[in-house]
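Engineer: Contents of input.txt (compact mmCIF, C-alpha atoms and all ligand atoms) are given next:
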# COMPACT_ATOMS: atom_id res chain seq x y z
CA MET A 1 59.79 105.24 98.99
CA LYS A 2 58.46 103.01 96.21
CA ARG A 3 55.74 105.51 95.44
CA PHE A 4 58.32 108.29 95.36
CA LEU A 5 60.50 106.38 92.86
CA LEU A 6 57.46 105.63 90.72
CA SER A 7 56.47 109.27 90.54
CA ILE A 8 60.03 110.23 89.60
CA LEU A 9 59.90 107.62 86.85
CA ALA A 10 56.51 108.89 85.65
CA LEU A 11 57.75 112.48 85.63
CA SER A 12 60.86 111.61 83.64
CA LEU A 13 58.74 109.70 81.12
CA ILE A 14 56.50 112.73 80.64
CA PHE A 15 59.60 114.90 80.37
CA LEU A 16 61.05 112.69 77.65
CA ALA A 17 57.75 112.27 75.82
CA THR A 18 57.20 116.02 75.59
CA GLY A 19 60.73 116.56 74.41
CA CYS A 20 61.51 118.95 77.26
CA GLY A 21 64.73 117.16 78.02
CA LYS A 22 66.03 117.54 74.49
CA GLU A 23 68.75 120.02 73.84
CA LYS A 24 67.50 122.82 71.64
CA GLU A 25 68.18 121.77 68.06
CA ILE A 26 70.69 124.01 66.31
CA LYS A 27 69.61 124.64 62.76
CA ASN A 28 72.18 124.62 60.01
CA GLN A 29 72.57 127.56 57.63
CA LEU A 30 70.27 126.10 55.02
CA GLU A 31 67.56 125.26 57.57
CA GLN A 32 67.75 128.82 58.92
CA ILE A 33 67.23 130.21 55.42
CA ILE A 34 64.31 127.84 54.83
CA GLU A 35 62.77 128.92 58.16
CA ARG A 36 63.17 132.60 57.21
CA ASP A 37 61.40 131.76 53.95
CA TYR A 38 63.67 133.81 51.65
CA ILE A 39 67.34 133.98 50.75
CA VAL A 40 69.29 137.25 50.80
CA VAL A 41 71.42 137.61 47.69
CA ALA A 42 73.99 140.28 46.85
CA VAL A 43 73.82 141.16 43.16
CA LYS A 44 75.28 143.77 40.85
CA ALA A 45 73.06 146.61 39.64
CA ASP A 46 75.67 148.16 37.31
CA SER A 47 76.95 145.17 35.33
CA LYS A 48 74.76 144.52 32.31
CA PRO A 49 73.97 141.77 31.22
CA PHE A 50 74.92 139.95 34.46
CA GLY A 51 73.24 142.18 37.02
CA PHE A 52 71.35 145.39 36.31
CA ILE A 53 68.08 147.19 37.03
CA ASN A 54 65.32 147.14 34.46
CA LYS A 55 64.64 150.88 34.21
CA LYS A 56 60.95 150.39 33.34
CA THR A 57 60.01 147.91 36.05
CA GLY A 58 62.73 148.60 38.63
CA ALA A 59 63.38 144.85 38.83
CA ASN A 60 66.80 143.23 39.19
CA GLU A 61 67.61 141.38 36.00
CA GLY A 62 70.44 139.55 34.30
CA PHE A 63 72.34 136.31 33.97
CA ASP A 64 73.42 136.31 37.65
CA ILE A 65 69.90 137.19 38.78
CA ASP A 66 68.60 134.14 36.90
CA ILE A 67 71.27 131.96 38.55
CA ALA A 68 70.06 133.25 41.94
CA LYS A 69 66.48 132.37 40.94
CA GLU A 70 67.57 128.80 40.11
CA ILE A 71 69.13 128.55 43.59
CA ALA A 72 65.84 129.75 45.13
CA ILE A 73 63.85 127.26 43.05
CA ASP A 74 65.93 124.39 44.47
CA ILE A 75 65.60 125.64 48.07
CA PHE A 76 61.98 126.83 48.13
CA GLY A 77 60.42 125.63 44.89
CA ASN A 78 59.81 129.34 44.21
CA GLU A 79 62.09 131.77 42.38
CA ARG A 80 60.56 134.79 44.09
CA LYS A 81 61.78 133.93 47.58
CA ILE A 82 64.80 136.19 47.23
CA LYS A 83 65.71 139.54 48.73
CA PHE A 84 68.17 141.20 46.36
CA VAL A 85 70.80 143.49 47.87
CA PRO A 86 72.67 145.59 45.28
CA VAL A 87 76.40 145.75 45.88
CA THR A 88 79.32 147.41 44.13
CA THR A 89 82.53 145.55 43.34
CA GLY A 90 84.25 146.73 46.51
CA GLU A 91 81.29 145.84 48.75
CA LYS A 92 80.90 142.17 47.85
CA ILE A 93 83.19 140.61 50.45
CA GLU A 94 82.02 142.78 53.34
CA ALA A 95 78.37 142.04 52.52
CA ILE A 96 79.18 138.35 53.06
CA THR A 97 81.52 138.53 56.08
CA SER A 98 79.16 140.91 57.93
CA GLY A 99 76.24 138.52 57.42
CA LYS A 100 74.23 141.15 55.52
CA VAL A 101 73.64 138.60 52.74
CA ASP A 102 73.59 134.79 52.58
CA ILE A 103 75.26 134.59 49.18
CA ALA A 104 76.60 136.82 46.40
CA VAL A 105 75.89 136.09 42.75
CA ALA A 106 77.71 139.08 41.37
CA THR A 107 80.28 138.61 38.56
CA PHE A 108 82.39 137.29 41.40
CA THR A 109 85.78 135.86 40.44
CA ILE A 110 87.26 133.14 42.64
CA THR A 111 90.77 134.18 43.71
CA PRO A 112 93.13 132.66 46.31
CA GLN A 113 93.18 135.98 48.24
CA ARG A 114 89.40 136.12 48.40
CA GLN A 115 89.33 132.46 49.48
CA TYR A 116 91.12 133.49 52.68
CA LEU A 117 88.14 135.63 53.57
CA ILE A 118 85.12 133.83 52.16
CA ASP A 119 84.08 130.58 50.48
CA PHE A 120 82.98 130.00 46.89
CA SER A 121 80.77 127.48 45.13
CA ASN A 122 81.93 125.67 42.02
CA PRO A 123 82.32 128.06 39.06
CA TYR A 124 79.37 128.53 36.69
CA TYR A 125 81.01 130.78 34.08
CA ILE A 126 84.54 131.68 32.95
CA ALA A 127 85.04 135.32 31.95
CA GLY A 128 88.32 137.04 31.09
CA GLN A 129 89.77 140.50 31.55
CA SER A 130 89.91 142.72 28.49
CA ALA A 131 89.73 146.45 27.79
CA VAL A 132 87.61 148.79 25.69
CA VAL A 133 88.96 151.76 23.75
CA LYS A 134 87.55 154.22 21.21
CA LYS A 135 87.10 152.62 17.78
CA ASN A 136 89.72 154.88 16.20
CA SER A 137 92.22 154.51 19.06
CA ASN A 138 95.77 153.36 18.35
CA ILE A 139 95.62 151.00 21.33
CA HIS A 140 95.46 147.38 20.15
CA HIS A 141 97.23 145.36 22.85
CA PHE A 142 97.42 145.58 26.60
CA THR A 143 101.06 146.66 26.33
CA ASP A 144 99.85 149.78 24.49
CA LEU A 145 98.24 150.86 27.77
CA LYS A 146 101.66 151.27 29.39
CA ASN A 147 101.79 155.05 29.56
CA LYS A 148 98.08 155.64 29.14
CA THR A 149 95.27 156.18 31.62
CA THR A 150 92.90 153.27 32.17
CA VAL A 151 89.67 153.34 34.12
CA VAL A 152 89.08 150.49 36.58
CA VAL A 153 86.57 149.80 39.31
CA LEU A 154 88.14 149.77 42.77
CA GLY A 155 88.45 146.37 44.40
CA SER A 156 88.07 144.45 41.16
CA THR A 157 90.41 141.72 40.01
CA SER A 158 90.97 143.90 36.93
CA GLU A 159 92.50 146.62 39.10
CA GLN A 160 94.80 144.09 40.83
CA ASN A 161 95.80 142.36 37.57
CA LEU A 162 96.72 145.63 35.88
CA ARG A 163 98.74 146.84 38.85
CA ARG A 164 100.70 143.58 38.71
CA ILE A 165 101.04 143.09 34.96
CA LEU A 166 101.38 146.71 33.84
CA PRO A 167 102.80 148.68 36.76
CA MET A 168 103.52 151.57 34.37
CA ALA A 169 99.85 152.03 33.49
CA ARG A 170 98.08 154.96 35.13
CA LEU A 171 94.87 153.76 36.73
CA SER A 172 91.86 155.91 37.43
CA GLY A 173 89.61 154.17 39.96
CA TYR A 174 85.83 154.47 40.41
CA LYS A 175 83.55 152.75 42.84
CA ASN A 176 81.00 151.42 40.37
CA TYR A 177 80.62 150.78 36.63
CA GLU A 178 78.13 153.59 36.05
CA GLU A 179 80.67 156.17 37.17
CA ALA A 180 83.54 154.32 35.50
CA PHE A 181 81.86 154.16 32.08
CA ALA A 182 80.68 157.77 32.38
CA ALA A 183 84.23 158.99 33.11
CA PHE A 184 85.59 156.95 30.21
CA LYS A 185 82.97 158.30 27.80
CA GLU A 186 83.71 161.85 28.91
CA GLY A 187 87.25 161.24 27.67
CA GLN A 188 88.93 161.17 31.08
CA ALA A 189 90.90 158.05 30.11
CA ASP A 190 92.20 156.16 27.09
CA ALA A 191 90.68 152.81 28.05
CA ILE A 192 88.50 150.99 30.53
CA SER A 193 89.43 147.52 31.70
CA THR A 194 87.30 144.85 33.32
CA ASP A 195 85.74 141.47 32.53
CA ASN A 196 84.83 140.93 28.86
CA THR A 197 81.26 140.17 30.04
CA ILE A 198 80.71 143.65 31.48
CA LEU A 199 82.52 145.30 28.55
CA SER A 200 80.26 143.46 26.07
CA GLY A 201 77.25 144.85 27.91
CA PHE A 202 78.65 148.36 27.48
CA LEU A 203 79.34 147.83 23.75
CA ILE A 204 75.69 146.90 23.08
CA ASP A 205 74.63 150.47 23.84
CA ASN A 206 77.84 152.22 22.76
CA LYS A 207 78.79 151.68 19.16
CA ASN A 208 81.84 153.93 18.85
CA TYR A 209 84.05 151.68 20.93
CA ARG A 210 85.78 148.32 20.52
CA MET A 211 87.21 145.62 22.76
CA LEU A 212 90.84 144.53 22.60
CA LYS A 213 91.22 141.04 21.17
CA ASN A 214 93.38 139.55 23.89
CA LYS A 215 92.44 138.73 27.46
CA ILE A 216 94.94 138.95 30.28
CA SER A 217 93.20 136.67 32.77
CA GLN A 218 90.67 133.98 33.40
CA GLU A 219 87.86 135.05 35.69
CA PRO A 220 85.94 132.04 36.99
CA TYR A 221 82.61 133.31 38.35
CA ALA A 222 81.20 131.54 41.40
CA VAL A 223 78.69 132.13 44.17
CA GLY A 224 80.34 133.68 47.23
CA MET A 225 79.32 132.84 50.80
CA LYS A 226 80.62 132.75 54.38
CA ARG A 227 83.37 130.24 55.04
CA ASN A 228 82.09 127.67 57.54
CA GLU A 229 83.91 124.34 57.61
CA ASN A 230 81.47 122.93 60.21
CA ASP A 231 78.37 123.71 58.18
CA GLU A 232 78.51 123.32 54.44
CA SER A 233 74.74 122.90 54.04
CA LEU A 234 74.33 126.10 52.02
CA LYS A 235 77.40 125.46 49.89
CA LYS A 236 76.17 121.95 49.10
CA SER A 237 72.76 123.27 48.08
CA VAL A 238 74.27 125.96 45.82
CA ASN A 239 76.67 123.45 44.23
CA MET A 240 73.76 121.09 43.63
CA THR A 241 71.96 123.86 41.74
CA ILE A 242 75.06 124.65 39.68
CA ASN A 243 75.46 120.97 38.80
CA ARG A 244 71.79 120.70 37.90
CA ILE A 245 71.72 123.76 35.62
CA GLN A 246 74.89 122.49 33.92
CA ARG A 247 73.28 119.08 33.34
CA ASP A 248 69.70 119.99 32.43
CA GLY A 249 70.52 122.67 29.84
CA THR A 250 69.38 125.66 31.93
CA LEU A 251 72.84 127.24 31.88
CA ILE A 252 73.04 127.04 28.08
CA LYS A 253 69.55 128.53 27.86
CA LEU A 254 70.58 131.42 30.12
CA ARG A 255 73.71 132.07 28.07
CA LYS A 256 71.52 132.37 24.97
CA LYS A 257 68.92 134.51 26.75
CA TRP A 258 71.56 137.04 27.88
CA LYS A 259 73.77 136.66 24.78
CA VAL A 260 76.68 135.55 26.94
CA ASN A 261 79.18 133.42 24.99
N1 LIG B 1 85.03 139.60 38.15
C1 LIG B 1 85.75 140.71 38.65
C2 LIG B 1 85.78 140.69 40.16
O1 LIG B 1 85.17 139.85 40.78
C3 LIG B 1 85.23 142.04 38.14
C4 LIG B 1 83.75 142.18 38.20
C5 LIG B 1 83.28 143.22 39.19
O2 LIG B 1 83.87 144.32 39.23
O3 LIG B 1 82.33 142.95 39.91
O4 LIG B 1 86.46 141.48 40.74
As structure tokens, please, write out the structure in this file.
Structural biologist:
Amino acid sequence: MKRFLLSILALSLIFLATGCGKEKEIKNQLEQIIERDYIVVAVKADSKPFGFINKKTGANEGFDIDIAKEIAIDIFGNERKIKFVPVTTGEKIEAITSGKVDIAVATFTITPQRQYLIDFSNPYYIAGQSAVVKKNSNIHHFTDLKNKTTVVVLGSTSEQNLRRILPMARLSGYKNYEEAFAAFKEGQADAISTDNTILSGFLIDNKNYRMLKNKISQEPYAVGMKRNENDESLKKSVNMTINRIQRDGTLIKLRKKWKVN
């Protein structure tokens, strides 16, 4: 009997020492990303200078892309450990909720409605909604858009704001900014309305247009991710990066680099 008890004791010691008795450790979101060895980031490919494709190299570039690289530097010590997934305005939320991407750094405005569906980091930039018209247009204020046609991108805050603020405005919706700007340039509408950031990018290459002086909203940009109250490891890491780039001057440098005021 004694020998039997001793062997049981010996077996359980071996069991404990080899860790076989341990419950399998569940890795948090951040640990899973570290184990995978890259982070999957939704970015814009049609929103110069925040997210666009360098036509010569085919690389994703822009202010948001550089923010994503800073996040990767803090997680991996290497800005290249990112898989970029291009998304349009209307695809951002689904890319996150479906688990297709870990985060979205994509001219993404925090709104209470979106916060029902996903979570956001702290904001890293405040944009505002404006509109662009032809230089010689007689449109000067948003109220002048009342009985005019305005191009918007479907699913954007700009579309929602205009529907609420100017219900009389006729909206012509497109699924991405390439198509939206093309339609506007072809003369299919009197104006195009979105964030001043994206409109400024358009004006760099298109000199015959101007932006209205007033803005009708504040658009705080933040990093979007899955809502998970029990595991905020990824959110904490992203917020740490945003705090760091605010403190160490990186954010100011990036604003200069991309001529973002
Ligand atoms: N910031 C706005 C939004 O999140 C417009 C930018 C965009 O279309 O991606 O809806």
Engineer: Write out as a PyMOL selection string each polymer residue (protein, DNA or RNA) that has an atom no more than 6 Å from ligand LIG 1 (chain B), with all atoms listed in the file counted.
Structural biologist: chain A and resi 89+107-109+156-157+194-195+219
Engineer: Check the smallest atom-to-atom distance from each of A:Met225, A:Asn239, A:Tyr125, A:Ile252 to Val101 of chain A using all atoms listed in the file, then report the winner.
Structural biologist: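 Of the candidates, the smallest distance to Val101 of chain A is held by A:Met225.
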Engineer: Would you pick out the contacts of Phe52 of chain A at 10 Å or less, using all atoms listed in the file, so that residues sharing its chain but fewer than 3 positions from it are not included, and give the list as a list of chain:residue names?
Structural biologist: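 Listed by chain and then number, they are A:Val43, A:Lys44, A:Ala45, A:Asp46, A:Ser47, A:Lys48, A:Pro49, A:Lys55, A:Gly58, A:Ala59, A:Asn60, A:Glu61, A:Gly62, A:Phe63, A:Asp64, A:Ile65, A:Pro86.
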Engineer: Tell me which of A:Asn206, A:Arg164, A:Ala189, A:Lys215 sits closest to Phe142 of chain A, counting only C-alpha atoms.
Structural biologist: A:Lys215
Engineer: I need the residue nearest Leu171 of chain A from this list: A:Val151, A:Ile73, A:Ile192, A:Val105. Use all atoms listed in the file for the distance.
Structural biologist: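 Smallest separation from Leu171 of chain A among the options: A:Val151.
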Engineer: Around the point (65.4, 139.0, 51.1) (coordinates from the file), which residues reach within 12 Å if we count all atoms listed in the file? Answer as a list in words.
Structural biologist: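 Those residues, ordered by chain and then number, are Ile33, Ile34, Arg36, Asp37, Tyr38, Ile39, Val40, Val41, Ala42, Val43, Ala68, Ala72, Glu79, Arg80, Lys81, Ile82, Lys83, Phe84, Val85, Pro86, Lys100, Val101, Asp102 and Ile103 of chain A.
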Engineer: In Å, rounded to a single decimal, give me how far atom CA of Ser137 of chain A is from atom CA of Glu159 of chain A.
Structural biologist: 21.5 Å
Engineer: Could you state the separation of atom CA of Val132 of chain A and atom CA of Ala191 of chain A in Å, given to one decimal place?
Structural biologist: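 Taking atom CA of Val132 of chain A and atom CA of Ala191 of chain A, their separation equals 5.6 Å.
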Engineer: How many Å separate atom CA of Thr197 of chain A from atom CA of Val152 of chain A?
Structural biologist: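 Here the two named atoms are 14.5 Å from each other.
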Engineer: For a quick check of understanding, using only C-alpha atoms, which of A:Lys146, A:Lys69, A:Lys134, A:Arg227 has the smallest distance to Leu117 of chain A?
Structural biologist: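 The shortest atom-to-atom distance to Leu117 of chain A comes from A:Arg227.
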Engineer: Please determine, counting all atoms listed in the file, which residue among A:Tyr209, A:Phe50, A:Tyr221, A:Trp258 has the shortest atom-to-atom distance to Val133 of chain A.
Structural biologist: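 Once distances to Val133 of chain A are computed over all atoms listed in the file, the minimum belongs to A:Tyr209.
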Engineer: Using all atoms listed in the file, find the one residue out of A:Gln32, A:Gln113, A:Asn54, A:Asn122 that sits nearest to Pro220 of chain A.
Structural biologist: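 So, comparing all the options, the nearest one is A:Asn122.
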Engineer: For Gly155 of chain A, please output as an mmCIF file with C-alpha atoms, in the coordinates of the input all residues within 12 Å (counting all atoms listed in the file; exclusion window: fewer than 2 positions along the same chain).
Structural biologist:
data_model
loop_
_atom_site.group_PDB
_atom_site.id
_atom_site.type_symbol
_atom_site.label_atom_id
_atom_site.label_comp_id
_atom_site.auth_asym_id
_atom_site.auth_seq_id
_atom_site.Cartn_x
_atom_site.Cartn_y
_atom_site.Cartn_z
ATOM 1 C CA THR A 88 79.320 147.410 44.130
ATOM 2 C CA THR A 89 82.530 145.550 43.340
ATOM 3 C CA GLY A 90 84.250 146.730 46.510
ATOM 4 C CA GLU A 91 81.290 145.840 48.750
ATOM 5 C CA LYS A 92 80.900 142.170 47.850
ATOM 6 C CA ILE A 93 83.190 140.610 50.450
ATOM 7 C CA GLU A 94 82.020 142.780 53.340
ATOM 8 C CA PHE A 108 82.390 137.290 41.400
ATOM 9 C CA THR A 109 85.780 135.860 40.440
ATOM 10 C CA ARG A 114 89.400 136.120 48.400
ATOM 11 C CA VAL A 152 89.080 150.490 36.580
ATOM 12 C CA VAL A 153 86.570 149.800 39.310
ATOM 13 C CA THR A 157 90.410 141.720 40.010
ATOM 14 C CA SER A 158 90.970 143.900 36.930
ATOM 15 C CA GLU A 159 92.500 146.620 39.100
ATOM 16 C CA GLN A 160 94.800 144.090 40.830
ATOM 17 C CA ASN A 161 95.800 142.360 37.570
ATOM 18 C CA LEU A 162 96.720 145.630 35.880
ATOM 19 C CA ARG A 163 98.740 146.840 38.850
ATOM 20 C CA GLY A 173 89.610 154.170 39.960
ATOM 21 C CA TYR A 174 85.830 154.470 40.410
ATOM 22 C CA LYS A 175 83.550 152.750 42.840
ATOM 23 C CA ASN A 176 81.000 151.420 40.370
ATOM 24 C CA TYR A 177 80.620 150.780 36.630
ATOM 25 C CA THR A 194 87.300 144.850 33.320
#
Engineer: Taking only residues of segment 103-170 of chain A that have an atom at most 12 Å from an atom of segment 231-234 of chain A, what is each one's shortest atom pair and its distance in Å to one decimal, using only C-alpha atoms, in chain and number order, as a tab-separated table?
Structural biologist:
residue	atom	partner	partner_atom	distance
A:Ile103	CA	A:Leu234	CA	9.0
A:Asp119	CA	A:Glu232	CA	10.0
A:Phe120	CA	A:Leu234	CA	10.8
A:Ser121	CA	A:Leu234	CA	9.5
Engineer: Need to verify the contact set: Asn147 of chain A, 10 Å, all atoms listed in the file, exclusion of same-chain residues closer than 5 positions in sequence. Can you return it as a list in words?
Structural biologist: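 Result of the neighbour search: Leu166, Pro167, Met168, Ala169, Arg170 and Asp190 of chain A.
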Engineer: Would you mind putting all heavy atoms back on segment 193-204 of chain A and writing the result as a PDB file, keeping the file's coordinate frame?
Structural biologist:
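As written to disk, rebuild_36.pdb reads:
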ATOM      1  N   SER A 193      89.132 148.956  31.667  1.00  0.00           N
ATOM      2  CA  SER A 193      89.430 147.520  31.700  1.00  0.00           C
ATOM      3  C   SER A 193      88.655 146.810  32.793  1.00  0.00           C
ATOM      4  O   SER A 193      88.647 147.235  33.959  1.00  0.00           O
ATOM      5  CB  SER A 193      90.932 147.315  31.910  1.00  0.00           C
ATOM      6  OG  SER A 193      91.217 145.930  31.898  1.00  0.00           O
ATOM      7  N   THR A 194      87.986 145.742  32.382  1.00  0.00           N
ATOM      8  CA  THR A 194      87.300 144.850  33.320  1.00  0.00           C
ATOM      9  C   THR A 194      86.999 143.542  32.602  1.00  0.00           C
ATOM     10  O   THR A 194      87.573 143.273  31.531  1.00  0.00           O
ATOM     11  CB  THR A 194      86.024 145.501  33.919  1.00  0.00           C
ATOM     12  OG1 THR A 194      85.460 144.587  34.869  1.00  0.00           O
ATOM     13  CG2 THR A 194      84.975 145.822  32.868  1.00  0.00           C
ATOM     14  N   ASP A 195      86.089 142.744  33.161  1.00  0.00           N
ATOM     15  CA  ASP A 195      85.740 141.470  32.530  1.00  0.00           C
ATOM     16  C   ASP A 195      85.101 141.714  31.159  1.00  0.00           C
ATOM     17  O   ASP A 195      84.323 142.664  30.993  1.00  0.00           O
ATOM     18  CB  ASP A 195      84.741 140.711  33.405  1.00  0.00           C
ATOM     19  CG  ASP A 195      85.335 140.351  34.750  1.00  0.00           C
ATOM     20  OD1 ASP A 195      86.571 140.472  34.917  1.00  0.00           O
ATOM     21  OD2 ASP A 195      84.558 139.954  35.640  1.00  0.00           O
ATOM     22  N   ASN A 196      85.414 140.824  30.211  1.00  0.00           N
ATOM     23  CA  ASN A 196      84.830 140.930  28.860  1.00  0.00           C
ATOM     24  C   ASN A 196      83.295 140.918  28.905  1.00  0.00           C
ATOM     25  O   ASN A 196      82.641 141.534  28.069  1.00  0.00           O
ATOM     26  CB  ASN A 196      85.356 139.808  27.960  1.00  0.00           C
ATOM     27  CG  ASN A 196      85.134 138.418  28.539  1.00  0.00           C
ATOM     28  OD1 ASN A 196      84.789 138.271  29.706  1.00  0.00           O
ATOM     29  ND2 ASN A 196      85.331 137.405  27.727  1.00  0.00           N
ATOM     30  N   THR A 197      82.721 140.246  29.909  1.00  0.00           N
ATOM     31  CA  THR A 197      81.260 140.170  30.040  1.00  0.00           C
ATOM     32  C   THR A 197      80.657 141.565  30.230  1.00  0.00           C
ATOM     33  O   THR A 197      79.703 141.932  29.562  1.00  0.00           O
ATOM     34  CB  THR A 197      80.926 139.337  31.292  1.00  0.00           C
ATOM     35  OG1 THR A 197      81.780 139.798  32.363  1.00  0.00           O
ATOM     36  CG2 THR A 197      81.171 137.866  31.067  1.00  0.00           C
ATOM     37  N   ILE A 198      81.237 142.309  31.159  1.00  0.00           N
ATOM     38  CA  ILE A 198      80.710 143.650  31.480  1.00  0.00           C
ATOM     39  C   ILE A 198      80.997 144.609  30.326  1.00  0.00           C
ATOM     40  O   ILE A 198      80.168 145.455  29.974  1.00  0.00           O
ATOM     41  CB  ILE A 198      81.323 144.154  32.810  1.00  0.00           C
ATOM     42  CG1 ILE A 198      80.934 143.201  33.950  1.00  0.00           C
ATOM     43  CG2 ILE A 198      80.892 145.579  33.120  1.00  0.00           C
ATOM     44  CD1 ILE A 198      81.633 143.480  35.275  1.00  0.00           C
ATOM     45  N   LEU A 199      82.172 144.439  29.695  1.00  0.00           N
ATOM     46  CA  LEU A 199      82.520 145.300  28.550  1.00  0.00           C
ATOM     47  C   LEU A 199      81.578 145.039  27.380  1.00  0.00           C
ATOM     48  O   LEU A 199      81.169 145.975  26.686  1.00  0.00           O
ATOM     49  CB  LEU A 199      83.980 145.055  28.138  1.00  0.00           C
ATOM     50  CG  LEU A 199      85.039 145.469  29.182  1.00  0.00           C
ATOM     51  CD1 LEU A 199      86.429 145.032  28.742  1.00  0.00           C
ATOM     52  CD2 LEU A 199      85.003 146.980  29.428  1.00  0.00           C
ATOM     53  N   SER A 200      81.204 143.776  27.161  1.00  0.00           N
ATOM     54  CA  SER A 200      80.260 143.460  26.070  1.00  0.00           C
ATOM     55  C   SER A 200      78.930 144.153  26.306  1.00  0.00           C
ATOM     56  O   SER A 200      78.295 144.645  25.364  1.00  0.00           O
ATOM     57  CB  SER A 200      79.990 141.958  25.972  1.00  0.00           C
ATOM     58  OG  SER A 200      81.181 141.272  25.825  1.00  0.00           O
ATOM     59  N   GLY A 201      78.499 144.180  27.560  1.00  0.00           N
ATOM     60  CA  GLY A 201      77.250 144.850  27.910  1.00  0.00           C
ATOM     61  C   GLY A 201      77.315 146.331  27.556  1.00  0.00           C
ATOM     62  O   GLY A 201      76.354 146.906  27.031  1.00  0.00           O
ATOM     63  N   PHE A 202      78.451 146.945  27.798  1.00  0.00           N
ATOM     64  CA  PHE A 202      78.650 148.360  27.480  1.00  0.00           C
ATOM     65  C   PHE A 202      78.609 148.574  25.961  1.00  0.00           C
ATOM     66  O   PHE A 202      77.995 149.524  25.467  1.00  0.00           O
ATOM     67  CB  PHE A 202      79.993 148.824  28.047  1.00  0.00           C
ATOM     68  CG  PHE A 202      80.446 150.183  27.592  1.00  0.00           C
ATOM     69  CD1 PHE A 202      79.893 151.336  28.131  1.00  0.00           C
ATOM     70  CD2 PHE A 202      81.434 150.315  26.617  1.00  0.00           C
ATOM     71  CE1 PHE A 202      80.311 152.598  27.714  1.00  0.00           C
ATOM     72  CE2 PHE A 202      81.858 151.570  26.191  1.00  0.00           C
ATOM     73  CZ  PHE A 202      81.288 152.721  26.742  1.00  0.00           C
ATOM     74  N   LEU A 203      79.250 147.661  25.210  1.00  0.00           N
ATOM     75  CA  LEU A 203      79.340 147.830  23.750  1.00  0.00           C
ATOM     76  C   LEU A 203      77.974 147.735  23.066  1.00  0.00           C
ATOM     77  O   LEU A 203      77.785 148.315  21.996  1.00  0.00           O
ATOM     78  CB  LEU A 203      80.306 146.801  23.152  1.00  0.00           C
ATOM     79  CG  LEU A 203      81.790 147.005  23.491  1.00  0.00           C
ATOM     80  CD1 LEU A 203      82.650 145.945  22.821  1.00  0.00           C
ATOM     81  CD2 LEU A 203      82.265 148.405  23.090  1.00  0.00           C
ATOM     82  N   ILE A 204      77.034 147.017  23.683  1.00  0.00           N
ATOM     83  CA  ILE A 204      75.690 146.900  23.080  1.00  0.00           C
ATOM     84  C   ILE A 204      75.075 148.284  22.906  1.00  0.00           C
ATOM     85  O   ILE A 204      74.484 148.586  21.877  1.00  0.00           O
ATOM     86  CB  ILE A 204      74.768 146.018  23.967  1.00  0.00           C
ATOM     87  CG1 ILE A 204      75.299 144.583  23.986  1.00  0.00           C
ATOM     88  CG2 ILE A 204      73.313 146.067  23.482  1.00  0.00           C
ATOM     89  CD1 ILE A 204      74.581 143.670  24.962  1.00  0.00           C
TER      90      ILE A 204
END
